[in-house]
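Comments concern the structure below.
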Amino acid sequence: MRLELRDVRHVYGRGTPFEVEALRNVSLAVEPGEVLGIVGGTGSGKSTLVQHMNLLLVPTSGTVVVDGVDAATLKKSELRRGVGLVFQFPEAALFAPTVEEDVAFAPRRMGLAETEVSERVQGSLEMLGAGHLAGRSPFALSGGEKRRVAIAGVLAMASEILILDEPTAGLDPATRQDLLSLVRGLRDAGISVVLVSHDLDEVAEAADRVCVMERGEVRAIGTPAEVFYADLANAPATVRVGAALKVAYSNVGTPVRYGETLAALRAMLED
Ligand SMILES: Nc1ncnc2c1ncn2[C@@H]1O[C@H](COP(=O)(O)OP(=O)(O)OP(=O)(O)O)[C@@H](O)[C@H]1O
Ligand SMILES: [Mg+2]
């Protein structure tokens with residue numbers, strides 16, 4: 001599935017004293033099978049942007065296009081079978097007595113046959129590394145486990161594009177790392193992921209392309225190397241180290257991930 005935003009503008013509270021233009025002229029696409037990172041300061045429009053991707057918000061002007069079709073002509077329920085949105089702190093919405101039942105809630109409500117529901121529940125829990133939690137109470141899990149279960153609940157409903165708004169917020173470094181590996185795993189399984197994050201290093205690690213939002217506009221979009229090397233002041237630590245290495249050793253390439261930066265440093269020391 002290819003999802004495109006064309007010249008999307010979003011105004012909250014139009015015609016009221018509280019009117020806010022949260023998105024301006026936003027055009028971008030989520031390509032099939034990629035991880036698209038979205039970064040930007042607080043209030044830059046990231047959450048507003050991603051809520052247009054499953055039509056939780058409707059553009060004030062502009063269009064959302066899904067596989068070449070104007071999303072406004074699609075049923076929202078149809079669109080949401082393809083595109084799933086996971087809010088920040090999604091574990092707050094866990095409610096059922098067992099993990100299994102919680103994850104089954106949305107696919108069941110879609111009217112799927114019970115065998116299909118249980119396949120999806122099992123499949124998405126396994127994809128999130130949470131298969132062993134199926135029979136537990138969601139309320140008796142650790143924060144990181146709850147987060148995985150909540151993400152599995154959205155994945156069980158929507159199978160093509162998964163949007164994660166700050167999925168690692170409030171998690172410890174090891175659990176963050178686990179979740180980022182899961183993001184790569186989902187991508188390798190053919191699911192596109194939109195990853196909203198404040199953490200530039202995290203986006204450098206996980207994203208194939210990155211979009212930088214600023215005051216409701218797309219300030220830059222491209223591979224992490226293109227975007228971050230062009231704006232070192234706002235680049236993750238890994239890229240700043242890589243750029244510093246370049247001064248002494250011009251053929252380090254453009255390391256973006258932690259491992260790439262370490263490899264460049266090692267090559268430089270061995271030289
Ligand atoms: N429901 C709303 N009603 C009115 N204004 C809103 C609403 N939600 C967001 N805004 C405003 O729209 C702008 C963009 O907000 P948005 O939540 O998209 O930013 P963000 O980049 O996700 O920020 P953060 O990193 O803090 O989550 C902000 O100025 C915000 O105050
Ligand atoms: Mg936000």
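Numbering starts fresh at 1 for the residues of each chain in the structure tokens, the chains themselves are lettered A, B, ... in the order given, and ligands are numbered from 1 as they appear.
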Give me, as a short mmCIF file (atom, residue, chain, number, x, y, z; two decimals) with N, CA and C atoms, in the first residue's frame, all polymer residues having an atom no more than 12 Å from Asp178 of chain A, counting only C-alpha atoms and skipping those fewer than 3 positions away in the same chain.
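Done, and the output landed in selection_23.cif:
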```cif
data_model
loop_
_atom_site.label_atom_id
_atom_site.label_comp_id
_atom_site.auth_asym_id
_atom_site.auth_seq_id
_atom_site.Cartn_x
_atom_site.Cartn_y
_atom_site.Cartn_z
N LEU A 128 5.29 -9.07 17.70
CA LEU A 128 5.76 -8.11 18.70
C LEU A 128 6.54 -8.80 19.83
N GLY A 129 6.83 -10.06 19.64
CA GLY A 129 7.59 -10.79 20.66
C GLY A 129 6.81 -10.92 21.95
N ALA A 130 5.48 -11.04 21.85
CA ALA A 130 4.65 -11.08 23.05
C ALA A 130 3.72 -12.29 23.07
N GLY A 144 6.96 -2.05 29.31
CA GLY A 144 7.38 -2.42 27.96
C GLY A 144 6.51 -3.52 27.38
N GLU A 145 6.12 -4.47 28.23
CA GLU A 145 5.23 -5.55 27.76
C GLU A 145 3.86 -4.99 27.38
N ARG A 147 3.22 -2.05 26.33
CA ARG A 147 3.38 -1.30 25.09
C ARG A 147 3.31 -2.25 23.89
N ARG A 148 4.01 -3.38 23.99
CA ARG A 148 4.00 -4.35 22.88
C ARG A 148 2.61 -4.90 22.62
N PRO A 167 6.66 5.72 20.06
CA PRO A 167 6.47 4.40 20.67
C PRO A 167 7.43 4.10 21.81
N THR A 168 8.55 4.79 21.88
CA THR A 168 9.53 4.43 22.92
C THR A 168 9.50 5.39 24.10
N LEU A 171 10.22 4.49 28.02
CA LEU A 171 10.76 3.13 28.20
C LEU A 171 12.26 3.21 28.52
N ASP A 172 12.79 2.17 29.19
CA ASP A 172 14.21 2.18 29.50
C ASP A 172 15.02 1.87 28.24
N PRO A 173 16.32 2.17 28.23
CA PRO A 173 17.12 2.03 27.00
C PRO A 173 17.06 0.64 26.38
N ALA A 174 17.09 -0.42 27.19
CA ALA A 174 17.08 -1.77 26.62
C ALA A 174 15.75 -2.06 25.95
N THR A 175 14.65 -1.64 26.58
CA THR A 175 13.32 -1.88 26.01
C THR A 175 13.12 -1.05 24.74
N SER A 181 14.18 -2.77 17.25
CA SER A 181 14.43 -3.98 16.45
C SER A 181 13.12 -4.52 15.92
N LEU A 182 12.07 -4.42 16.74
CA LEU A 182 10.75 -4.86 16.28
C LEU A 182 10.28 -4.05 15.07
N VAL A 183 10.55 -2.77 15.11
CA VAL A 183 10.16 -1.90 14.00
C VAL A 183 10.84 -2.38 12.71
N ARG A 184 12.14 -2.69 12.82
CA ARG A 184 12.86 -3.21 11.64
C ARG A 184 12.27 -4.56 11.22
N GLY A 185 11.91 -5.37 12.21
CA GLY A 185 11.33 -6.68 11.92
C GLY A 185 10.00 -6.57 11.17
N GLU A 202 17.50 7.51 17.59
CA GLU A 202 16.57 6.41 17.39
C GLU A 202 16.09 6.37 15.93
N ALA A 206 16.63 3.45 13.02
CA ALA A 206 15.54 2.61 12.52
C ALA A 206 14.97 3.02 11.17
#
```
Please identify all protein, DNA and RNA residues within 10 Å of ligand 1, counting only C-alpha atoms and all ligand atoms, and report them as a PDB file with C-alpha atoms, in the first residue's frame.
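Output file part.pdb follows:
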```pdb
ATOM      1  CA  HIS A  10      -4.918  21.478   8.665  1.00  0.00           C
ATOM      2  CA  VAL A  11      -6.460  24.233  10.721  1.00  0.00           C
ATOM      3  CA  TYR A  12      -7.776  23.496  14.218  1.00  0.00           C
ATOM      4  CA  GLY A  13     -10.644  25.591  15.570  1.00  0.00           C
ATOM      5  CA  ARG A  14     -11.287  27.374  12.292  1.00  0.00           C
ATOM      6  CA  PHE A  18      -8.177  29.602  19.060  1.00  0.00           C
ATOM      7  CA  GLU A  19      -7.532  28.962  15.382  1.00  0.00           C
ATOM      8  CA  VAL A  20      -4.204  27.155  14.810  1.00  0.00           C
ATOM      9  CA  GLU A  21      -2.753  26.329  11.411  1.00  0.00           C
ATOM     10  CA  ALA A  22      -1.062  23.059  12.375  1.00  0.00           C
ATOM     11  CA  LEU A  23      -0.100  21.827   8.883  1.00  0.00           C
ATOM     12  CA  ILE A  38       9.073  11.807  11.483  1.00  0.00           C
ATOM     13  CA  VAL A  39      11.003  14.188  13.700  1.00  0.00           C
ATOM     14  CA  GLY A  40      10.512  17.789  14.760  1.00  0.00           C
ATOM     15  CA  GLY A  41      10.103  19.923  17.837  1.00  0.00           C
ATOM     16  CA  THR A  42       7.151  19.899  20.123  1.00  0.00           C
ATOM     17  CA  GLY A  43       4.105  21.418  18.416  1.00  0.00           C
ATOM     18  CA  SER A  44       5.640  21.102  14.936  1.00  0.00           C
ATOM     19  CA  GLY A  45       2.654  19.086  13.683  1.00  0.00           C
ATOM     20  CA  LYS A  46       3.863  15.469  13.827  1.00  0.00           C
ATOM     21  CA  SER A  47       0.809  14.014  15.563  1.00  0.00           C
ATOM     22  CA  THR A  48      -1.525  16.127  13.439  1.00  0.00           C
ATOM     23  CA  LEU A  49       0.269  14.841  10.339  1.00  0.00           C
ATOM     24  CA  VAL A  50       0.032  11.161  11.188  1.00  0.00           C
ATOM     25  CA  GLN A  51      -3.633  11.417  12.179  1.00  0.00           C
ATOM     26  CA  LEU A  57      -8.312  13.961  10.991  1.00  0.00           C
ATOM     27  CA  GLN A  88       1.484   7.772  22.415  1.00  0.00           C
ATOM     28  CA  ASP A 165       3.495   8.026  17.616  1.00  0.00           C
ATOM     29  CA  GLU A 166       6.429   8.159  20.058  1.00  0.00           C
ATOM     30  CA  VAL A 196       7.282   9.548  15.128  1.00  0.00           C
ATOM     31  CA  SER A 197      10.060  10.318  17.564  1.00  0.00           C
ATOM     32  CA  HIS A 198      11.833  13.060  19.452  1.00  0.00           C
ATOM     33  CA  MET A 213       8.719  18.894  10.499  1.00  0.00           C
ATOM     34  CA  GLU A 214       8.983  22.531  11.488  1.00  0.00           C
ATOM     35  CA  ARG A 215       6.060  24.809  12.294  1.00  0.00           C
ATOM     36  CA  GLY A 216       3.605  22.652  10.381  1.00  0.00           C
TER      37      GLY A 216
END
```
*Work out how far atom CA of Arg187 of chain A is from atom CA of Arg6 of chain A, in Å to one decimal.*
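Pair atom CA of Arg6 of chain A / atom CA of Arg187 of chain A returns 24.1 Å.
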*For Leu112 of chain A, which residue among A:Tyr258, A:Ala150, A:Ala156, A:Val99 is the nearest when counting only C-alpha atoms?*
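Closest to Leu112 of chain A, using only C-alpha atoms: A:Ala156.
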*asked:* Counting only C-alpha atoms, which residue out of A:Pro236, A:Gly123, A:Pro107, A:Pro59 sits closest to Ser77 of chain A?
replied: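 Selected residue with least distance to Ser77 of chain A: A:Pro107.
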*Could you tell me, as a ChimeraX atom specification, which residues of segment 117-271 of chain A DSSP assigns to alpha helix (DSSP H) when given the backbone?*
/A:117-127,143-155,173-188,200-206,224-229,237-248,258-270
*Expressed in Å to a single decimal, how great is the separation between atom CA of Glu217 of chain A and atom CA of Leu164 of chain A?*
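Separating atom CA of Glu217 of chain A from atom CA of Leu164 of chain A is a distance of 19.7 Å.
Considering only segment 5-42 of chain A, backbone DSSP assigns strand (DSSP E) to Leu5, Arg6, Asp7, Val8, Arg9, His10, Val11, Tyr12, Val20, Glu21, Ala22, Leu23, Arg24, Asn25, Val26, Ser27, Leu28, Ala29, Val30, Val35, Leu36, Gly37, Ile38, Val39 and Gly40 of chain A.
Proximity ranking of A:Phe228, A:Leu5, A:Ala169, A:Thr60 relative to ligand 2 places A:Ala169 first, based on only C-alpha atoms and all ligand atoms.
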